[in-house]
Amino acid sequence: MSLRLLFAIVVATVSVVGAMPTPAAPSPSTLIPISAFVSGSKYSHPRLSPNGKYLAVSVKQEIEGRDQKTLNVYDLDGFKLLSTLRFPVFQLPLNFEWVSNTRLVVPKGIERGDLERPSYTGEIFATDFDGKNQDYLYGKDKFAFQRRGATSGGDDEGWGYIHSIPDAPNGHFFLREYKWERYRTSSNRSFLHDVDASTGVRKLVADVGERDLAYLLQHDGKPRFAFGVNDNLEQIAFKRAIDREQWEPLPAASLGKHFWPLVFTPDNQAFYLQFSADGGPQVLMRESIVTGERSVVSANKAGDIDLIQYSESDGQPFAVASRVGAPNITYIDETAPDAILHKDLSKQFPGQYVQFASSSTDGSKLLFVVSSDREPGEYYLLDRKTKKAEFLVALRPSIDASRMAVQKPIRFKARDGLQLNGYLTLPNNRSGAKVPLILLPHGGPQDVADDWFFDADAQFLASRGYAVLQVNYRGSGGRGTNFVRSGDGQWATGMQQDLVDGVKWTIAEGIADPARICVYGGSFGAYAAMMTSIQEPDLFKCAVGYAGLYDLPLLLTGDNAKESKRVFNFLANVVGTDIESLKRNSPTTLADKIKVPVLLVHGDQDTTTPPAQAEAMRSALTKAGKSFEWMMVPKEGHGFYAEKNRLAFYEKLEAFFAKHLGR
């Protein structure tokens, strides 16, 4: 495997040679192969070494008959592969970072399935760029992995996470540590350590008496803020005085509904934060450390300022946008060098979003990615001295962006007047005629949202001739705390009504053929697929549940709810604790009201929505004498990880929709 060097960008006022043009709407004579949509991202998380000589990137490879993620390091001079780090099956390197010109720290993760991100195991490794001097710095198996006494002591009894890297890479990193809950004297604390990545020696630099807090450090490495939520899901924050070690809680009134410090100014006299006083969309603010005075840097009435780009030279935010709709970049200082470069690059990639991803310490080399609703992502390496950039790699090389469909941001009002947003993806060969529609509710549901960027499900379905509707119903993220909380207690009511209202909007707009509409969703989206077809039996022709949640009482009896007060309190807020009410709002209880054909798809190793959920739905449908199809896949979790299983699922999905909607 090698990275690709296909063409160059020549930067003057930044002109592009050979860059991807804005694609015209194609009219392909043949269907795009399903395999193009299921291959997933081959590359992820590329990072330049501080001196700009090496590139570290996560690469998906087939090893021993199974797709696995490895950490590969390349010499940028000739793109020679220098080393590969691989964990055991089902484990993978996550958000690794360079701590010096030659050494990386690597958190270990475990795959859960295609519908959710891999989760951290709480273990951290280190390796040199050439694969030598590998070491286990933190975790439950530290004693067994000790290398020549470099890391001393026994196993760690908690979880460790990379918090940040010093401004000037020095071989150290800051590690957040949370003790396991069985250690009651220390589990309700948040620790921050300065760790030498070569020796494993740790120095405690912060200890605050609340668990799961994040920290904000000054540029000299001194922690000043600790912040997060408590077990009652209340916003909390602490500030450390510069002249003493004592941490003082900040008054609730100063935190508003959302308080999230981001980065200090270069002189440490002020800091940037995401803030919402009343629960509306989060704004970007700047606060003085001395006076406490706050000023708004950027705001968007439609949604949170949640796409923030930072300058590689001083770490300051220079470009912001909101995920609601298609991102519209705002520059904090139009004259800043990074803003000028970003603006010029964006002109060369019309209709795409340019993201600065990684840089050498001196800023001479810059890694950036361009992406859109049709382009999953392409990485380029820019040499600012020569003013040339080279195309490195496409994240999903099997996707031809010129054949993908446009994903259009939409707005409409729910039946109670609430303004909602979402996205509509129309097939490329539509000629004004009404088309069959697939409603695609997202999972979560709280504080999760569909966005404008490439969506494999939507693009696959659009390639088969279907319009695809995605609605950010009440409770979704991206529009502030109040909008998220508006979904509390609304799983079976308001959320489903919002989805149905979106479908009826497409009919009123003359887009959807009202006689050919189906619904398909994963996780909570599968719950919504069943509930919308139950509540609107004459609107839908079929329903698909993938890795679904169908029996709500099982939420409260699962291990997470029983073992974590925070999880239990979250569930109490969003669905309540009355078992009889949960039963009444479960598709398993209401199966006799389903009039449409159903497809149930699940993995037998799913720990997020265990197989018992799908089996309960299958039993309920069988008892009610309903028509359904069944697909239980062995050795798969919350969504399918193996490409062969995703391919089999998409083939099943294609046949199911063709049978009930036609093409």
# chains A, B, ... in the order shown; residues from 1 in each chain; ligands from 1
$ closest_atom_pairs --of "stretch 219-295 of chain A" --to "stretch 462-484 of chain A" --cutoff "6 Å" --atoms "only C-alpha atoms" --output "JSON lines"
{"residue": "A:Gly279", "atom": "CA", "partner": "A:Thr481", "partner_atom": "CA", "distance": 4.7}
{"residue": "A:Gly280", "atom": "CA", "partner": "A:Gly480", "partner_atom": "CA", "distance": 4.7}
{"residue": "A:Pro281", "atom": "CA", "partner": "A:Gly480", "partner_atom": "CA", "distance": 4.1}
{"residue": "A:Gln282", "atom": "CA", "partner": "A:Gly480", "partner_atom": "CA", "distance": 5.8}
$ residues_around --residues "stretch 532-536 of chain A" --least-positions-apart "6" --cutoff "7 Å" --atoms "only C-alpha atoms" --output "short mmCIF file (atom, residue, chain, number, x, y, z; two decimals) with C-alpha atoms, in the first residue's frame"
data_model
loop_
_atom_site.label_atom_id
_atom_site.label_comp_id
_atom_site.auth_asym_id
_atom_site.auth_seq_id
_atom_site.Cartn_x
_atom_site.Cartn_y
_atom_site.Cartn_z
CA GLN A 496 -42.09 10.90 15.32
CA VAL A 500 -43.90 12.49 9.56
CA ALA A 543 -39.95 -0.25 7.25
CA LYS A 593 -50.52 -2.16 14.58
CA ILE A 594 -47.80 -2.57 11.95
#
$ select_by_dssp --residues "stretch 144-264 of chain A" --states "strand (DSSP E)" --output "PyMOL selection string"
chain A and resi 158-164+172-179+190-196+202-208+214-217+223-229+235-240+247-249+258-264
$ residues_around --residues "A:Ala526" --least-positions-apart "6" --cutoff "12 Å" --atoms "only C-alpha atoms" --output "ChimeraX atom specification"
/A:115,439-445,496,519-520,532-533,543-551,586-587,598-602,609,613-614,617,639
$ residues_around --residues "A:Leu552" --least-positions-apart "5" --cutoff "8 Å" --atoms "only C-alpha atoms" --output "list in words"
Leu582, Lys583, Asn585 and Ser586 of chain A
$ select_by_dssp --residues "stretch 474-555 of chain A" --states "alpha helix (DSSP H)" --output "PyMOL selection string"
chain A and resi 481-485+494-508+524-535+553-555
$ residues_around --residues "A:Glu375" --least-positions-apart "6" --cutoff "12 Å" --atoms "only C-alpha atoms" --output "PyMOL selection string"
chain A and resi 20-23+41+349-354+369+394-407+452-456+459
$ closest_residue --among "A:Phe37, A:Ala642, A:Arg189, A:Ala252" --to "A:Gln68" --atoms "only C-alpha atoms"
A:Ala642
$ residues_around --residues "stretch 648-660 of chain A" --least-positions-apart "2" --cutoff "8 Å" --atoms "only C-alpha atoms" --output "PyMOL selection string"
chain A and resi 34+464+518+541-542+599+601+644-646+662-663
$ write_last_selection --atoms "C-alpha atoms" --output "PDB file, in the first residue's frame"
ATOM      1  CA  ILE A  34     -22.801  -1.454  -4.175  1.00  0.00           C
ATOM      2  CA  ARG A 464     -30.931   3.541  -6.824  1.00  0.00           C
ATOM      3  CA  CYS A 518     -40.602   3.704   3.071  1.00  0.00           C
ATOM      4  CA  LYS A 541     -45.120   0.964   2.342  1.00  0.00           C
ATOM      5  CA  CYS A 542     -42.292  -0.717   4.296  1.00  0.00           C
ATOM      6  CA  LEU A 599     -36.899  -5.963   7.534  1.00  0.00           C
ATOM      7  CA  VAL A 601     -31.130  -6.490  10.614  1.00  0.00           C
ATOM      8  CA  LYS A 644     -18.604  -8.357   3.220  1.00  0.00           C
ATOM      9  CA  ASN A 645     -21.399  -8.018   5.788  1.00  0.00           C
ATOM     10  CA  ARG A 646     -22.193  -4.427   4.824  1.00  0.00           C
ATOM     11  CA  GLY A 662     -40.072  -0.423  -7.369  1.00  0.00           C
ATOM     12  CA  ARG A 663     -37.078   1.368  -8.896  1.00  0.00           C
TER      13      ARG A 663
END
$ atom_distance --atom1 "atom CA of A:Gly502" --atom2 "atom CA of A:Val38"
27.6 Å
$ closest_atom_pairs --of "stretch 208-246 of chain A" --to "stretch 563-574 of chain A" --cutoff "12 Å" --atoms "only C-alpha atoms" --output "JSON lines"
{"residue": "A:Arg211", "atom": "CA", "partner": "A:Arg566", "partner_atom": "CA", "distance": 11.0}
{"residue": "A:Asp212", "atom": "CA", "partner": "A:Arg566", "partner_atom": "CA", "distance": 11.0}
{"residue": "A:Val229", "atom": "CA", "partner": "A:Arg566", "partner_atom": "CA", "distance": 9.5}
{"residue": "A:Asn230", "atom": "CA", "partner": "A:Arg566", "partner_atom": "CA", "distance": 7.7}
{"residue": "A:Asp231", "atom": "CA", "partner": "A:Arg566", "partner_atom": "CA", "distance": 4.5}
{"residue": "A:Asn232", "atom": "CA", "partner": "A:Asn569", "partner_atom": "CA", "distance": 6.5}
{"residue": "A:Leu233", "atom": "CA", "partner": "A:Arg566", "partner_atom": "CA", "distance": 7.0}
{"residue": "A:Glu234", "atom": "CA", "partner": "A:Arg566", "partner_atom": "CA", "distance": 10.4}
$ residues_around --residues "A:Trp505" --least-positions-apart "5" --cutoff "12 Å" --atoms "only C-alpha atoms" --output "MDAnalysis selection string"
chainID A and resid 410:415 420:422 424 437 439 469 471 498:500 510:514
$ closest_residue --among "A:Leu81, A:Pro610, A:Met531, A:Phe391" --to "A:Leu554" --atoms "only C-alpha atoms"
A:Pro610
$ closest_residue --among "A:Ser371, A:Trp491, A:Val106, A:Glu615" --to "A:Gly525" --atoms "only C-alpha atoms"
A:Trp491
$ decode --residues "stretch 630-662 of chain A" --atoms "N, CA, C and O atoms" --output "PDB file, in the first residue's frame"
ATOM      1  N   TRP A 630     -35.685 -11.250   8.078  1.00  0.00           N
ATOM      2  CA  TRP A 630     -34.778 -11.315   9.230  1.00  0.00           C
ATOM      3  C   TRP A 630     -33.343 -11.508   8.747  1.00  0.00           C
ATOM      4  O   TRP A 630     -33.082 -12.312   7.851  1.00  0.00           O
ATOM      5  N   MET A 631     -32.415 -10.755   9.367  1.00  0.00           N
ATOM      6  CA  MET A 631     -30.994 -10.901   9.039  1.00  0.00           C
ATOM      7  C   MET A 631     -30.183 -10.682  10.316  1.00  0.00           C
ATOM      8  O   MET A 631     -29.948  -9.546  10.733  1.00  0.00           O
ATOM      9  N   MET A 632     -29.769 -11.754  10.961  1.00  0.00           N
ATOM     10  CA  MET A 632     -28.908 -11.696  12.138  1.00  0.00           C
ATOM     11  C   MET A 632     -27.520 -12.164  11.707  1.00  0.00           C
ATOM     12  O   MET A 632     -27.355 -13.277  11.215  1.00  0.00           O
ATOM     13  N   VAL A 633     -26.521 -11.286  11.880  1.00  0.00           N
ATOM     14  CA  VAL A 633     -25.181 -11.567  11.365  1.00  0.00           C
ATOM     15  C   VAL A 633     -24.234 -11.873  12.522  1.00  0.00           C
ATOM     16  O   VAL A 633     -24.123 -11.078  13.466  1.00  0.00           O
ATOM     17  N   PRO A 634     -23.555 -13.003  12.486  1.00  0.00           N
ATOM     18  CA  PRO A 634     -22.638 -13.366  13.573  1.00  0.00           C
ATOM     19  C   PRO A 634     -21.390 -12.482  13.598  1.00  0.00           C
ATOM     20  O   PRO A 634     -20.955 -11.970  12.568  1.00  0.00           O
ATOM     21  N   LYS A 635     -20.854 -12.298  14.806  1.00  0.00           N
ATOM     22  CA  LYS A 635     -19.603 -11.578  15.034  1.00  0.00           C
ATOM     23  C   LYS A 635     -19.652 -10.129  14.561  1.00  0.00           C
ATOM     24  O   LYS A 635     -18.638  -9.567  14.142  1.00  0.00           O
ATOM     25  N   GLU A 636     -20.835  -9.525  14.616  1.00  0.00           N
ATOM     26  CA  GLU A 636     -20.963  -8.113  14.281  1.00  0.00           C
ATOM     27  C   GLU A 636     -21.594  -7.361  15.442  1.00  0.00           C
ATOM     28  O   GLU A 636     -22.358  -7.930  16.225  1.00  0.00           O
ATOM     29  N   GLY A 637     -21.251  -6.066  15.547  1.00  0.00           N
ATOM     30  CA  GLY A 637     -21.724  -5.254  16.656  1.00  0.00           C
ATOM     31  C   GLY A 637     -22.799  -4.276  16.243  1.00  0.00           C
ATOM     32  O   GLY A 637     -23.713  -4.606  15.485  1.00  0.00           O
ATOM     33  N   HIS A 638     -22.670  -3.033  16.732  1.00  0.00           N
ATOM     34  CA  HIS A 638     -23.692  -2.011  16.504  1.00  0.00           C
ATOM     35  C   HIS A 638     -23.478  -1.401  15.117  1.00  0.00           C
ATOM     36  O   HIS A 638     -22.878  -0.333  14.961  1.00  0.00           O
ATOM     37  N   GLY A 639     -24.006  -2.069  14.109  1.00  0.00           N
ATOM     38  CA  GLY A 639     -23.681  -1.769  12.727  1.00  0.00           C
ATOM     39  C   GLY A 639     -22.549  -2.680  12.305  1.00  0.00           C
ATOM     40  O   GLY A 639     -21.752  -3.128  13.121  1.00  0.00           O
ATOM     41  N   PHE A 640     -22.469  -2.957  11.022  1.00  0.00           N
ATOM     42  CA  PHE A 640     -21.540  -3.980  10.553  1.00  0.00           C
ATOM     43  C   PHE A 640     -20.188  -3.383  10.203  1.00  0.00           C
ATOM     44  O   PHE A 640     -20.096  -2.404   9.457  1.00  0.00           O
ATOM     45  N   TYR A 641     -19.142  -4.004  10.737  1.00  0.00           N
ATOM     46  CA  TYR A 641     -17.777  -3.531  10.524  1.00  0.00           C
ATOM     47  C   TYR A 641     -17.161  -4.143   9.272  1.00  0.00           C
ATOM     48  O   TYR A 641     -16.493  -3.478   8.499  1.00  0.00           O
ATOM     49  N   ALA A 642     -17.383  -5.431   9.049  1.00  0.00           N
ATOM     50  CA  ALA A 642     -16.779  -6.126   7.916  1.00  0.00           C
ATOM     51  C   ALA A 642     -17.465  -5.723   6.610  1.00  0.00           C
ATOM     52  O   ALA A 642     -18.699  -5.701   6.526  1.00  0.00           O
ATOM     53  N   GLU A 643     -16.671  -5.429   5.594  1.00  0.00           N
ATOM     54  CA  GLU A 643     -17.225  -4.982   4.319  1.00  0.00           C
ATOM     55  C   GLU A 643     -18.133  -6.038   3.695  1.00  0.00           C
ATOM     56  O   GLU A 643     -19.156  -5.708   3.092  1.00  0.00           O
ATOM     57  N   LYS A 644     -17.779  -7.312   3.824  1.00  0.00           N
ATOM     58  CA  LYS A 644     -18.604  -8.357   3.220  1.00  0.00           C
ATOM     59  C   LYS A 644     -19.997  -8.376   3.843  1.00  0.00           C
ATOM     60  O   LYS A 644     -20.991  -8.656   3.152  1.00  0.00           O
ATOM     61  N   ASN A 645     -20.089  -8.040   5.129  1.00  0.00           N
ATOM     62  CA  ASN A 645     -21.399  -8.018   5.788  1.00  0.00           C
ATOM     63  C   ASN A 645     -22.187  -6.770   5.424  1.00  0.00           C
ATOM     64  O   ASN A 645     -23.413  -6.829   5.260  1.00  0.00           O
ATOM     65  N   ARG A 646     -21.493  -5.631   5.277  1.00  0.00           N
ATOM     66  CA  ARG A 646     -22.193  -4.427   4.824  1.00  0.00           C
ATOM     67  C   ARG A 646     -22.678  -4.610   3.392  1.00  0.00           C
ATOM     68  O   ARG A 646     -23.753  -4.143   3.023  1.00  0.00           O
ATOM     69  N   LEU A 647     -21.879  -5.287   2.570  1.00  0.00           N
ATOM     70  CA  LEU A 647     -22.288  -5.557   1.195  1.00  0.00           C
ATOM     71  C   LEU A 647     -23.542  -6.429   1.169  1.00  0.00           C
ATOM     72  O   LEU A 647     -24.508  -6.140   0.439  1.00  0.00           O
ATOM     73  N   ALA A 648     -23.561  -7.476   1.993  1.00  0.00           N
ATOM     74  CA  ALA A 648     -24.734  -8.352   2.046  1.00  0.00           C
ATOM     75  C   ALA A 648     -25.965  -7.590   2.536  1.00  0.00           C
ATOM     76  O   ALA A 648     -27.086  -7.803   2.040  1.00  0.00           O
ATOM     77  N   PHE A 649     -25.761  -6.685   3.495  1.00  0.00           N
ATOM     78  CA  PHE A 649     -26.881  -5.889   4.002  1.00  0.00           C
ATOM     79  C   PHE A 649     -27.420  -4.951   2.929  1.00  0.00           C
ATOM     80  O   PHE A 649     -28.638  -4.862   2.703  1.00  0.00           O
ATOM     81  N   TYR A 650     -26.545  -4.240   2.230  1.00  0.00           N
ATOM     82  CA  TYR A 650     -27.000  -3.321   1.177  1.00  0.00           C
ATOM     83  C   TYR A 650     -27.696  -4.077   0.047  1.00  0.00           C
ATOM     84  O   TYR A 650     -28.652  -3.578  -0.555  1.00  0.00           O
ATOM     85  N   GLU A 651     -27.210  -5.266  -0.277  1.00  0.00           N
ATOM     86  CA  GLU A 651     -27.886  -6.075  -1.291  1.00  0.00           C
ATOM     87  C   GLU A 651     -29.292  -6.439  -0.825  1.00  0.00           C
ATOM     88  O   GLU A 651     -30.253  -6.401  -1.603  1.00  0.00           O
ATOM     89  N   LYS A 652     -29.414  -6.787   0.453  1.00  0.00           N
ATOM     90  CA  LYS A 652     -30.727  -7.114   1.021  1.00  0.00           C
ATOM     91  C   LYS A 652     -31.623  -5.876   1.010  1.00  0.00           C
ATOM     92  O   LYS A 652     -32.814  -5.944   0.673  1.00  0.00           O
ATOM     93  N   LEU A 653     -31.049  -4.735   1.377  1.00  0.00           N
ATOM     94  CA  LEU A 653     -31.800  -3.478   1.420  1.00  0.00           C
ATOM     95  C   LEU A 653     -32.284  -3.097   0.026  1.00  0.00           C
ATOM     96  O   LEU A 653     -33.446  -2.700  -0.158  1.00  0.00           O
ATOM     97  N   GLU A 654     -31.410  -3.203  -0.960  1.00  0.00           N
ATOM     98  CA  GLU A 654     -31.768  -2.867  -2.336  1.00  0.00           C
ATOM     99  C   GLU A 654     -32.935  -3.730  -2.822  1.00  0.00           C
ATOM    100  O   GLU A 654     -33.905  -3.223  -3.405  1.00  0.00           O
ATOM    101  N   ALA A 655     -32.853  -5.023  -2.562  1.00  0.00           N
ATOM    102  CA  ALA A 655     -33.913  -5.933  -3.006  1.00  0.00           C
ATOM    103  C   ALA A 655     -35.222  -5.655  -2.275  1.00  0.00           C
ATOM    104  O   ALA A 655     -36.314  -5.716  -2.879  1.00  0.00           O
ATOM    105  N   PHE A 656     -35.133  -5.325  -0.998  1.00  0.00           N
ATOM    106  CA  PHE A 656     -36.332  -5.077  -0.184  1.00  0.00           C
ATOM    107  C   PHE A 656     -37.071  -3.838  -0.689  1.00  0.00           C
ATOM    108  O   PHE A 656     -38.299  -3.854  -0.878  1.00  0.00           O
ATOM    109  N   PHE A 657     -36.343  -2.748  -0.930  1.00  0.00           N
ATOM    110  CA  PHE A 657     -36.987  -1.528  -1.414  1.00  0.00           C
ATOM    111  C   PHE A 657     -37.504  -1.699  -2.844  1.00  0.00           C
ATOM    112  O   PHE A 657     -38.573  -1.187  -3.189  1.00  0.00           O
ATOM    113  N   ALA A 658     -36.747  -2.403  -3.681  1.00  0.00           N
ATOM    114  CA  ALA A 658     -37.210  -2.637  -5.053  1.00  0.00           C
ATOM    115  C   ALA A 658     -38.508  -3.436  -5.057  1.00  0.00           C
ATOM    116  O   ALA A 658     -39.408  -3.194  -5.873  1.00  0.00           O
ATOM    117  N   LYS A 659     -38.623  -4.374  -4.133  1.00  0.00           N
ATOM    118  CA  LYS A 659     -39.822  -5.214  -4.045  1.00  0.00           C
ATOM    119  C   LYS A 659     -41.047  -4.399  -3.641  1.00  0.00           C
ATOM    120  O   LYS A 659     -42.148  -4.611  -4.180  1.00  0.00           O
ATOM    121  N   HIS A 660     -40.866  -3.462  -2.717  1.00  0.00           N
ATOM    122  CA  HIS A 660     -42.026  -2.761  -2.153  1.00  0.00           C
ATOM    123  C   HIS A 660     -42.246  -1.352  -2.718  1.00  0.00           C
ATOM    124  O   HIS A 660     -43.330  -0.794  -2.557  1.00  0.00           O
ATOM    125  N   LEU A 661     -41.219  -0.790  -3.382  1.00  0.00           N
ATOM    126  CA  LEU A 661     -41.368   0.546  -3.962  1.00  0.00           C
ATOM    127  C   LEU A 661     -41.151   0.562  -5.463  1.00  0.00           C
ATOM    128  O   LEU A 661     -41.549   1.518  -6.137  1.00  0.00           O
ATOM    129  N   GLY A 662     -40.488  -0.473  -5.984  1.00  0.00           N
ATOM    130  CA  GLY A 662     -40.072  -0.423  -7.369  1.00  0.00           C
ATOM    131  C   GLY A 662     -38.838   0.456  -7.494  1.00  0.00           C
ATOM    132  O   GLY A 662     -38.383   1.074  -6.534  1.00  0.00           O
TER     133      GLY A 662
END
